[in-house]
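Visitor: Sharing entry_29.cif (mmCIF, C-alpha atoms and all ligand atoms) below.
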```
data_target
loop_
_atom_site.label_atom_id
_atom_site.label_comp_id
_atom_site.auth_asym_id
_atom_site.auth_seq_id
_atom_site.Cartn_x
_atom_site.Cartn_y
_atom_site.Cartn_z
CA MET O 260 47.18 -35.33 -65.89
CA PRO O 261 48.55 -32.55 -63.68
CA LEU O 262 48.01 -28.93 -64.60
CA GLU O 263 50.98 -27.22 -66.23
CA ILE O 264 51.72 -23.77 -64.82
CA VAL O 265 53.92 -21.38 -66.79
CA THR O 266 55.37 -18.12 -65.44
CA ILE O 267 55.21 -15.31 -67.99
CA PRO O 268 57.31 -12.17 -67.33
CA CYS O 269 55.44 -9.02 -68.32
CA ARG O 270 56.22 -5.28 -68.33
CA SER O 271 59.28 -4.43 -66.25
CA ASP O 272 58.84 -6.72 -63.26
CA ASN O 273 55.35 -8.30 -63.35
CA TYR O 274 54.49 -11.96 -63.58
CA ALA O 275 51.36 -13.56 -65.02
CA PHE O 276 50.70 -17.31 -64.98
CA LEU O 277 49.24 -19.60 -67.62
CA ILE O 278 47.48 -22.68 -66.26
CA ARG O 279 47.07 -25.42 -68.82
CA ASP O 280 45.19 -28.71 -68.82
CA ASP O 281 46.46 -30.64 -71.82
CA ALA O 282 43.80 -33.36 -71.64
CA SER O 283 40.93 -30.91 -72.15
CA GLY O 284 42.96 -28.28 -74.00
CA ARG O 285 41.77 -25.61 -71.59
CA THR O 286 43.96 -22.69 -70.55
CA ALA O 287 43.48 -20.13 -67.81
CA LEU O 288 45.52 -17.03 -67.08
CA VAL O 289 46.07 -15.30 -63.74
CA ASP O 290 46.29 -11.53 -64.33
CA ALA O 291 46.83 -9.63 -67.55
CA PRO O 292 49.62 -7.11 -66.96
CA GLU O 293 49.89 -6.58 -70.73
CA ALA O 294 48.55 -8.29 -73.85
CA ALA O 295 51.67 -8.55 -76.05
CA ALA O 296 53.81 -10.87 -73.89
CA LEU O 297 50.83 -13.08 -73.08
CA ASP O 298 49.66 -13.26 -76.68
CA ALA O 299 53.19 -14.26 -77.71
CA ALA O 300 53.36 -16.93 -74.98
CA LEU O 301 50.02 -18.41 -76.07
CA ARG O 302 50.90 -18.40 -79.79
CA GLU O 303 54.28 -19.97 -79.14
CA ARG O 304 52.53 -22.91 -77.46
CA GLY O 305 49.55 -23.03 -79.79
CA TRP O 306 47.19 -22.51 -76.87
CA GLY O 307 43.86 -20.70 -76.78
CA LEU O 308 42.75 -18.74 -73.73
CA ASP O 309 39.52 -19.79 -72.05
CA GLU O 310 39.59 -17.94 -68.75
CA LEU O 311 41.27 -14.93 -67.16
CA TRP O 312 41.26 -14.71 -63.36
CA ILE O 313 42.01 -11.22 -62.06
CA THR O 314 43.53 -10.73 -58.58
CA HIS O 315 43.04 -6.98 -58.09
CA HIS O 316 42.25 -3.76 -59.88
CA HIS O 317 45.72 -2.21 -60.36
CA GLY O 318 46.64 -1.42 -63.95
CA ASP O 319 49.71 -3.62 -63.90
CA HIS O 320 47.40 -6.63 -63.34
CA VAL O 321 44.49 -5.82 -65.68
CA GLU O 322 45.78 -3.70 -68.55
CA GLY O 323 45.84 -6.52 -71.11
CA THR O 324 42.32 -7.72 -70.33
CA GLU O 325 40.32 -6.20 -73.19
CA ALA O 326 42.87 -7.07 -75.88
CA LEU O 327 43.00 -10.69 -74.69
CA ARG O 328 39.21 -10.88 -74.44
CA ARG O 329 38.91 -9.62 -78.04
CA ALA O 330 41.62 -11.92 -79.38
CA TYR O 331 40.69 -15.12 -77.52
CA GLY O 332 37.11 -14.68 -76.30
CA CYS O 333 38.17 -15.64 -72.77
CA SER O 334 35.78 -15.25 -69.84
CA VAL O 335 36.89 -12.90 -67.06
CA THR O 336 36.67 -13.70 -63.33
CA GLY O 337 37.26 -11.22 -60.52
CA ALA O 338 36.12 -10.08 -57.09
CA ALA O 339 32.45 -9.12 -56.86
CA ALA O 340 33.50 -6.48 -54.33
CA ASP O 341 35.68 -4.84 -56.98
CA ALA O 342 33.34 -5.26 -59.96
CA HIS O 343 32.85 -1.48 -60.17
CA ARG O 344 36.55 -0.91 -60.92
CA LEU O 345 37.54 -4.11 -62.72
CA PRO O 346 37.05 -4.89 -66.42
CA ALA O 347 33.57 -6.34 -67.11
CA LEU O 348 33.30 -9.64 -65.23
CA ASP O 349 31.67 -12.82 -66.50
CA ARG O 350 32.06 -14.45 -63.08
CA ARG O 351 32.05 -12.53 -59.80
CA VAL O 352 33.65 -14.25 -56.83
CA GLY O 353 34.28 -13.66 -53.13
CA ASP O 354 35.98 -15.24 -50.14
CA GLY O 355 35.29 -18.96 -49.83
CA ASP O 356 33.75 -19.33 -53.29
CA THR O 357 34.86 -22.26 -55.40
CA PHE O 358 34.67 -22.91 -59.12
CA GLY O 359 35.94 -25.63 -61.40
CA PHE O 360 38.73 -25.51 -63.95
CA ALA O 361 39.33 -28.61 -66.06
CA GLY O 362 38.07 -30.85 -63.27
CA ASN O 363 40.07 -29.06 -60.56
CA GLU O 364 38.56 -27.11 -57.70
CA VAL O 365 39.69 -23.49 -57.50
CA ARG O 366 39.17 -21.75 -54.16
CA VAL O 367 38.87 -18.00 -53.86
CA MET O 368 40.46 -16.33 -50.83
CA ASP O 369 39.95 -12.70 -49.91
CA VAL O 370 43.45 -11.35 -49.18
CA SER O 371 42.65 -7.66 -48.81
CA GLY O 372 45.29 -5.24 -47.57
CA HIS O 373 47.30 -4.10 -50.61
CA THR O 374 43.87 -3.27 -52.02
CA VAL O 375 40.44 -3.96 -50.56
CA GLY O 376 38.96 -6.68 -52.74
CA HIS O 377 42.28 -8.33 -53.64
CA VAL O 378 41.70 -12.08 -54.05
CA ALA O 379 44.00 -15.07 -54.30
CA TYR O 380 43.18 -18.24 -56.25
CA TYR O 381 44.11 -21.56 -54.65
CA ILE O 382 44.07 -24.89 -56.51
CA PRO O 383 44.55 -27.58 -53.82
CA ALA O 384 45.08 -30.43 -56.29
CA ALA O 385 47.89 -28.50 -57.99
CA LYS O 386 49.36 -27.33 -54.65
CA ALA O 387 49.36 -23.87 -56.17
CA VAL O 388 48.20 -20.49 -54.94
CA PHE O 389 48.20 -17.25 -56.95
CA THR O 390 48.78 -14.37 -54.57
CA ALA O 391 49.79 -11.39 -56.77
CA ASP O 392 50.50 -8.44 -54.45
CA SER O 393 49.47 -10.01 -51.13
CA LEU O 394 52.07 -12.62 -50.11
CA MET O 395 55.16 -12.16 -52.30
CA ALA O 396 58.51 -13.93 -52.46
CA LEU O 397 60.28 -12.79 -49.26
CA GLY O 398 57.82 -9.94 -48.97
CA CYS O 399 54.27 -8.69 -49.12
CA GLY O 400 52.53 -5.92 -51.01
CA ARG O 401 52.47 -2.39 -49.69
CA VAL O 402 49.25 -1.70 -47.77
CA PHE O 403 47.56 0.96 -49.91
CA GLU O 404 43.84 0.56 -49.25
CA GLY O 405 43.29 -1.87 -46.41
CA THR O 406 44.55 -1.75 -42.84
CA LEU O 407 47.67 -3.34 -41.41
CA PRO O 408 45.64 -5.78 -39.26
CA GLN O 409 43.67 -6.74 -42.39
CA MET O 410 46.88 -7.50 -44.30
CA TRP O 411 48.16 -9.53 -41.35
CA GLU O 412 44.94 -11.57 -41.38
CA SER O 413 45.26 -12.13 -45.12
CA LEU O 414 48.88 -13.28 -44.79
CA SER O 415 47.91 -15.55 -41.89
CA LYS O 416 45.30 -17.29 -44.05
CA LEU O 417 47.89 -17.90 -46.76
CA ALA O 418 50.45 -19.06 -44.18
CA ALA O 419 47.99 -21.73 -43.04
CA LEU O 420 47.93 -23.46 -46.45
CA PRO O 421 49.92 -26.70 -46.71
CA PRO O 422 53.65 -25.84 -46.49
CA GLU O 423 54.41 -27.51 -49.82
CA THR O 424 52.08 -25.04 -51.60
CA VAL O 425 53.75 -23.19 -54.48
CA VAL O 426 53.27 -19.42 -54.16
CA HIS O 427 52.84 -17.57 -57.46
CA SER O 428 53.19 -13.88 -56.70
CA GLY O 429 52.95 -10.88 -58.99
CA HIS O 430 56.36 -9.21 -59.11
CA GLU O 431 60.11 -9.78 -59.24
CA TYR O 432 60.96 -7.80 -56.10
CA THR O 433 62.81 -10.60 -54.36
CA GLU O 434 66.38 -9.25 -54.33
CA ALA O 435 65.28 -5.97 -52.73
CA ASN O 436 63.05 -7.94 -50.34
CA ALA O 437 66.07 -10.03 -49.32
CA ARG O 438 68.08 -6.90 -48.50
CA PHE O 439 65.26 -5.73 -46.25
CA ALA O 440 64.74 -9.17 -44.67
CA ALA O 441 68.40 -9.15 -43.60
CA THR O 442 67.75 -6.01 -41.53
CA ILE O 443 65.13 -7.92 -39.51
CA GLU O 444 66.78 -11.34 -39.11
CA PRO O 445 70.44 -11.01 -40.12
CA GLY O 446 71.40 -14.32 -38.49
CA ASN O 447 68.61 -16.49 -39.94
CA PRO O 448 70.58 -19.28 -41.70
CA ASP O 449 67.67 -20.14 -44.01
CA LEU O 450 67.45 -16.50 -45.06
CA ILE O 451 71.20 -16.33 -45.70
CA SER O 452 71.15 -19.41 -47.94
CA ARG O 453 67.98 -18.32 -49.72
CA THR O 454 69.51 -14.89 -50.40
CA GLU O 455 72.48 -16.61 -52.06
CA ALA O 456 70.15 -18.71 -54.20
CA ILE O 457 68.18 -15.61 -55.19
CA ALA O 458 71.34 -13.75 -56.23
CA ALA O 459 72.44 -16.76 -58.31
CA ALA O 460 69.04 -17.04 -60.01
CA ARG O 461 68.95 -13.35 -60.88
CA ALA O 462 72.55 -13.39 -62.14
CA ALA O 463 71.47 -16.21 -64.47
CA GLY O 464 68.43 -14.18 -65.61
CA LYS O 465 66.00 -16.58 -63.95
CA PRO O 466 62.84 -15.61 -62.05
CA THR O 467 62.66 -16.16 -58.27
CA VAL O 468 58.88 -16.62 -58.53
CA PRO O 469 57.15 -18.94 -57.80
CA SER O 470 58.44 -19.92 -54.36
CA ILE O 471 57.52 -22.60 -51.84
CA LEU O 472 55.39 -21.67 -48.82
CA SER O 473 57.68 -23.58 -46.43
CA ASP O 474 60.57 -21.35 -47.56
CA GLU O 475 58.44 -18.25 -47.00
CA LEU O 476 57.56 -19.48 -43.51
CA ALA O 477 61.27 -19.93 -42.75
CA THR O 478 62.53 -16.66 -44.24
CA ASN O 479 59.83 -14.09 -45.09
CA PRO O 480 59.97 -11.44 -42.33
CA PHE O 481 56.29 -10.57 -42.78
CA LEU O 482 55.14 -14.16 -42.25
CA ARG O 483 57.54 -14.47 -39.31
CA ALA O 484 56.12 -11.50 -37.37
CA GLY O 485 54.44 -13.91 -34.95
CA THR O 486 57.57 -15.89 -34.09
CA PRO O 487 59.31 -15.46 -30.70
CA GLU O 488 62.65 -15.02 -32.54
CA VAL O 489 61.50 -12.02 -34.57
CA LYS O 490 59.62 -10.49 -31.65
CA ALA O 491 62.77 -10.72 -29.52
CA LEU O 492 64.97 -9.24 -32.26
CA LEU O 493 62.65 -6.23 -32.51
CA GLY O 494 62.36 -5.83 -28.74
CA MET O 495 58.63 -6.57 -29.04
CA SER O 496 58.31 -9.81 -27.10
CA GLU O 497 55.11 -8.64 -25.42
CA ALA O 498 53.47 -7.31 -28.60
CA THR O 499 50.74 -9.06 -30.58
CA ASP O 500 51.58 -10.71 -33.89
CA ALA O 501 49.65 -8.02 -35.76
CA GLU O 502 51.58 -5.26 -33.97
CA VAL O 503 54.88 -6.83 -34.93
CA PHE O 504 53.69 -7.21 -38.54
CA ALA O 505 52.71 -3.52 -38.56
CA GLU O 506 56.17 -2.53 -37.30
CA ILE O 507 57.91 -4.63 -39.97
CA ARG O 508 55.64 -3.30 -42.73
CA SER O 509 56.25 0.32 -41.72
CA ARG O 510 60.01 -0.28 -41.61
CA LYS O 511 59.82 -1.69 -45.15
CA ASP O 512 57.86 1.36 -46.32
CA ARG O 513 60.77 3.54 -45.14
CA PHE O 514 63.53 1.16 -46.35
ZN ZN S 1 48.98 -4.04 -57.09
FE FE S 2 51.24 -5.10 -58.85
#
```
Represent the supplied structure as structure tokens.
Ligand code: ZN
Ligand code: FE
Guide:
Amino acid sequence: MPLEIVTIPCRSDNYAFLIRDDASGRTALVDAPEAAALDAALRERGWGLDELWITHHHGDHVEGTEALRRAYGCSVTGAAADAHRLPALDRRVGDGDTFGFAGNEVRVMDVSGHTVGHVAYYIPAAKAVFTADSLMALGCGRVFEGTLPQMWESLSKLAALPPETVVHSGHEYTEANARFAATIEPGNPDLISRTEAIAAARAAGKPTVPSILSDELATNPFLRAGTPEVKALLGMSEATDAEVFAEIRSRKDRF
């Protein structure tokens, strides 16, 4: 039976994700932005909570951890590199590690840049990756702790996953990201049609997360930094991919 993945809006614009295996009755959660919304989502479905997988140390991704641990007795997984600033971890993981969840392999990817020690969780059998504030819908996280080349490397690893992979990112920033993307590639027809779909989804009160990696590859200006089209548009045809990424990221910081 395939895993069921449910997007749970939290706080003002965060997303957390419940991952459920009905056959075994096991439930995992990616990030705990707050306890109340997640507790309500679990109760509504009559689900317990066995595991919490943390992506990075920011408060808007961990604040609900202790309340959920107390209420559900879930184990907590997070980056070994960040153990000193994460809630107490039952399982410490790093790049390339794998663990099992309800018979599925979960792969840990270091995607440092937004923070150093930010990890993504990839479940190949579910064609799902949980990227939080690394790769986002039409965007990427601001580079607070890592370097721009490091963020480019992290995005490149995610971009190399199968194109049908579903990208579960941590925030509803997509409309603003679309406005910025249009300043980089105003004539990209895929971007124009995706922007219309995003506006329609938001007008209907629907989330724009998760998204499909193939759509990100076609429209996300940060993933497209290495393309000849984007390099030409920025007058950077001779620049390296990482240099073009750095230019786009710094433009977004000022946008
Ligand atoms: Zn963050
Ligand atoms: Fe965040």
Visitor: What is the atom CA of O:Ala300-atom CA of O:Glu263 distance in Å, reported with one decimal?
Guide: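 Here the two named atoms are 13.7 Å from each other.
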Visitor: Using only C-alpha atoms, find the one residue out of O:Val265, O:Val289, O:Gly372, O:Glu364 that sits nearest to O:Ser334.
Guide: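 Nearest candidate to O:Ser334 out of O:Val265, O:Val289, O:Gly372, O:Glu364: O:Val289.
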Visitor: Write out as JSON lines a residue-level contact list of chain O versus ligand ZN 1 (chain S) with cut-off 12 Å: for each qualifying residue the closest pair of atoms and the distance in Å to one decimal, counting only C-alpha atoms and all ligand atoms, rows sorted by chain and residue number upward.
Guide:
```
{"residue": "O:Asp272", "atom": "CA", "partner": "S:ZN1", "partner_atom": "ZN", "distance": 11.9}
{"residue": "O:Asn273", "atom": "CA", "partner": "S:ZN1", "partner_atom": "ZN", "distance": 9.9}
{"residue": "O:Tyr274", "atom": "CA", "partner": "S:ZN1", "partner_atom": "ZN", "distance": 11.6}
{"residue": "O:Asp290", "atom": "CA", "partner": "S:ZN1", "partner_atom": "ZN", "distance": 10.8}
{"residue": "O:Pro292", "atom": "CA", "partner": "S:ZN1", "partner_atom": "ZN", "distance": 10.4}
{"residue": "O:Ile313", "atom": "CA", "partner": "S:ZN1", "partner_atom": "ZN", "distance": 11.2}
{"residue": "O:Thr314", "atom": "CA", "partner": "S:ZN1", "partner_atom": "ZN", "distance": 8.8}
{"residue": "O:His315", "atom": "CA", "partner": "S:ZN1", "partner_atom": "ZN", "distance": 6.7}
{"residue": "O:His316", "atom": "CA", "partner": "S:ZN1", "partner_atom": "ZN", "distance": 7.3}
{"residue": "O:His317", "atom": "CA", "partner": "S:ZN1", "partner_atom": "ZN", "distance": 5.0}
{"residue": "O:Gly318", "atom": "CA", "partner": "S:ZN1", "partner_atom": "ZN", "distance": 7.7}
{"residue": "O:Asp319", "atom": "CA", "partner": "S:ZN1", "partner_atom": "ZN", "distance": 6.9}
{"residue": "O:His320", "atom": "CA", "partner": "S:ZN1", "partner_atom": "ZN", "distance": 6.9}
{"residue": "O:Val321", "atom": "CA", "partner": "S:ZN1", "partner_atom": "ZN", "distance": 9.9}
{"residue": "O:Glu322", "atom": "CA", "partner": "S:ZN1", "partner_atom": "ZN", "distance": 11.9}
{"residue": "O:Ser371", "atom": "CA", "partner": "S:ZN1", "partner_atom": "ZN", "distance": 11.0}
{"residue": "O:Gly372", "atom": "CA", "partner": "S:ZN1", "partner_atom": "ZN", "distance": 10.3}
{"residue": "O:His373", "atom": "CA", "partner": "S:ZN1", "partner_atom": "ZN", "distance": 6.7}
{"residue": "O:Thr374", "atom": "CA", "partner": "S:ZN1", "partner_atom": "ZN", "distance": 7.2}
{"residue": "O:Val375", "atom": "CA", "partner": "S:ZN1", "partner_atom": "ZN", "distance": 10.8}
{"residue": "O:Gly376", "atom": "CA", "partner": "S:ZN1", "partner_atom": "ZN", "distance": 11.2}
{"residue": "O:His377", "atom": "CA", "partner": "S:ZN1", "partner_atom": "ZN", "distance": 8.7}
{"residue": "O:Val378", "atom": "CA", "partner": "S:ZN1", "partner_atom": "ZN", "distance": 11.3}
{"residue": "O:Thr390", "atom": "CA", "partner": "S:ZN1", "partner_atom": "ZN", "distance": 10.6}
{"residue": "O:Ala391", "atom": "CA", "partner": "S:ZN1", "partner_atom": "ZN", "distance": 7.4}
{"residue": "O:Asp392", "atom": "CA", "partner": "S:ZN1", "partner_atom": "ZN", "distance": 5.4}
{"residue": "O:Ser393", "atom": "CA", "partner": "S:ZN1", "partner_atom": "ZN", "distance": 8.5}
{"residue": "O:Leu394", "atom": "CA", "partner": "S:ZN1", "partner_atom": "ZN", "distance": 11.5}
{"residue": "O:Met395", "atom": "CA", "partner": "S:ZN1", "partner_atom": "ZN", "distance": 11.3}
{"residue": "O:Cys399", "atom": "CA", "partner": "S:ZN1", "partner_atom": "ZN", "distance": 10.6}
{"residue": "O:Gly400", "atom": "CA", "partner": "S:ZN1", "partner_atom": "ZN", "distance": 7.3}
{"residue": "O:Arg401", "atom": "CA", "partner": "S:ZN1", "partner_atom": "ZN", "distance": 8.3}
{"residue": "O:Val402", "atom": "CA", "partner": "S:ZN1", "partner_atom": "ZN", "distance": 9.6}
{"residue": "O:Phe403", "atom": "CA", "partner": "S:ZN1", "partner_atom": "ZN", "distance": 8.9}
{"residue": "O:Glu404", "atom": "CA", "partner": "S:ZN1", "partner_atom": "ZN", "distance": 10.4}
{"residue": "O:Ser428", "atom": "CA", "partner": "S:ZN1", "partner_atom": "ZN", "distance": 10.7}
{"residue": "O:Gly429", "atom": "CA", "partner": "S:ZN1", "partner_atom": "ZN", "distance": 8.1}
{"residue": "O:His430", "atom": "CA", "partner": "S:ZN1", "partner_atom": "ZN", "distance": 9.2}
```
Visitor: At a cut-off of 8 Å from (59.5, -7.6, -42.7) in the coordinates of the file, what residues are picked up using only C-alpha atoms, written as a PDB file with C-alpha atoms, keeping the file's coordinate frame?
Guide:
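The result, stored in selection11.pdb:
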```pdb
ATOM      1  CA  GLY O 398      57.820  -9.940 -48.970  1.00  0.00           C
ATOM      2  CA  PHE O 439      65.260  -5.730 -46.250  1.00  0.00           C
ATOM      3  CA  ALA O 440      64.740  -9.170 -44.670  1.00  0.00           C
ATOM      4  CA  ILE O 443      65.130  -7.920 -39.510  1.00  0.00           C
ATOM      5  CA  ASN O 479      59.830 -14.090 -45.090  1.00  0.00           C
ATOM      6  CA  PRO O 480      59.970 -11.440 -42.330  1.00  0.00           C
ATOM      7  CA  PHE O 481      56.290 -10.570 -42.780  1.00  0.00           C
ATOM      8  CA  LEU O 482      55.140 -14.160 -42.250  1.00  0.00           C
ATOM      9  CA  ARG O 483      57.540 -14.470 -39.310  1.00  0.00           C
ATOM     10  CA  ALA O 484      56.120 -11.500 -37.370  1.00  0.00           C
ATOM     11  CA  PHE O 504      53.690  -7.210 -38.540  1.00  0.00           C
ATOM     12  CA  ILE O 507      57.910  -4.630 -39.970  1.00  0.00           C
ATOM     13  CA  ARG O 508      55.640  -3.300 -42.730  1.00  0.00           C
ATOM     14  CA  ARG O 510      60.010  -0.280 -41.610  1.00  0.00           C
ATOM     15  CA  LYS O 511      59.820  -1.690 -45.150  1.00  0.00           C
TER      16      LYS O 511
END
```
Visitor: Separation of atom CA of O:Pro487 and atom CA of O:Ser413, in Å?
Guide: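 We find that atom CA of O:Pro487 and atom CA of O:Ser413 lie 20.4 Å from each other.
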Visitor: Interatomic distance between atom CA of O:Ala463 and atom CA of O:Ala275?
Guide: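 Distance reported for this atom pair: 20.3 Å.
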Visitor: Within 8 Å of O:Met260, counting all atoms listed in the file, which residues qualify if same-chain residues fewer than 3 places away don't, as a PDB file with C-alpha atoms, keeping the file's coordinate frame?
Guide:
```
ATOM      1  CA  ASP O 280      45.190 -28.710 -68.820  1.00  0.00           C
ATOM      2  CA  ASP O 281      46.460 -30.640 -71.820  1.00  0.00           C
ATOM      3  CA  ALA O 282      43.800 -33.360 -71.640  1.00  0.00           C
TER       4      ALA O 282
END
```
Visitor: Show me the residues close to (34.9, -20.8, -55.4) - anything with an atom within 6 Å, counting all atoms listed in the file - and format the list as number ranges by chain.
Guide: O: 355-358, 365-367
Visitor: May I ask which of the residues O:Gly446, O:Pro466, O:Gly353, O:Gly305 is the closest one to O:His427, counting only C-alpha atoms?
Guide: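 Distance minimum relative to O:His427 lands on O:Pro466.
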Visitor: If we count only C-alpha atoms, what is near O:Gly307 at a cut-off of 10 Å, once residues fewer than 2 positions away on the same chain are taken out, given as a PyMOL selection string?
Guide: chain O and resi 279+284-287+298+301-302+304-305+309-310+330-333
Visitor: Let me see the file: selected residues, C-alpha atoms, as a PDB file, in the coordinates of the input.
Guide:
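Written out: out_35.pdb:
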```
ATOM      1  CA  ARG O 279      47.070 -25.420 -68.820  1.00  0.00           C
ATOM      2  CA  GLY O 284      42.960 -28.280 -74.000  1.00  0.00           C
ATOM      3  CA  ARG O 285      41.770 -25.610 -71.590  1.00  0.00           C
ATOM      4  CA  THR O 286      43.960 -22.690 -70.550  1.00  0.00           C
ATOM      5  CA  ALA O 287      43.480 -20.130 -67.810  1.00  0.00           C
ATOM      6  CA  ASP O 298      49.660 -13.260 -76.680  1.00  0.00           C
ATOM      7  CA  LEU O 301      50.020 -18.410 -76.070  1.00  0.00           C
ATOM      8  CA  ARG O 302      50.900 -18.400 -79.790  1.00  0.00           C
ATOM      9  CA  ARG O 304      52.530 -22.910 -77.460  1.00  0.00           C
ATOM     10  CA  GLY O 305      49.550 -23.030 -79.790  1.00  0.00           C
ATOM     11  CA  ASP O 309      39.520 -19.790 -72.050  1.00  0.00           C
ATOM     12  CA  GLU O 310      39.590 -17.940 -68.750  1.00  0.00           C
ATOM     13  CA  ALA O 330      41.620 -11.920 -79.380  1.00  0.00           C
ATOM     14  CA  TYR O 331      40.690 -15.120 -77.520  1.00  0.00           C
ATOM     15  CA  GLY O 332      37.110 -14.680 -76.300  1.00  0.00           C
ATOM     16  CA  CYS O 333      38.170 -15.640 -72.770  1.00  0.00           C
TER      17      CYS O 333
END
```
Visitor: Which residue gives the smallest distance to ligand FE 2 (chain S) among O:Ser271, O:Ser496, O:Thr324, O:Thr406, with only C-alpha atoms and all ligand atoms counted?
Guide: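 Answer, going by the shortest atom-to-atom distance: O:Ser271.
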Visitor: Within 8 Å of stretch 419-424 of chain O, counting only C-alpha atoms, which residues qualify if same-chain residues fewer than 5 places away don't, as a list in words?
Guide: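 Final neighbour list, sorted by chain and number: Lys386, Ala387, Val388, Ile471, Leu472 and Ser473 of chain O.
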Visitor: Under the rule that all atoms listed in the file are counted, which of O:Glu431, O:Trp411, O:Asp369, O:Leu397 is the nearest residue to ligand FE 2 (chain S)?
Guide: O:Glu431
Visitor: Identify, on the basis of all atoms listed in the file, every residue whose closest approach to O:Thr454 does not exceed 12 Å; exclude the query and any residue fewer than 4 positions from it along the same chain; express the result as a PyMOL selection string.
Guide: chain O and resi 396-397+433-441+445+447-450+458-461+467+474+478-479
Visitor: For ligand FE 2 (chain S), which of O:His343, O:Arg328, O:Arg270, O:Arg350 is the closest residue, counting all atoms listed in the file?
Guide: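 Among O:His343, O:Arg328, O:Arg270, O:Arg350, it is O:Arg270 that comes nearest to ligand FE 2 (chain S).
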Visitor: Would you mind telling me which residue in O:Ala294, O:Tyr432, O:Thr486, O:Ile278 lies nearest to ligand FE 2 (chain S) when using all atoms listed in the file?
Guide: O:Tyr432
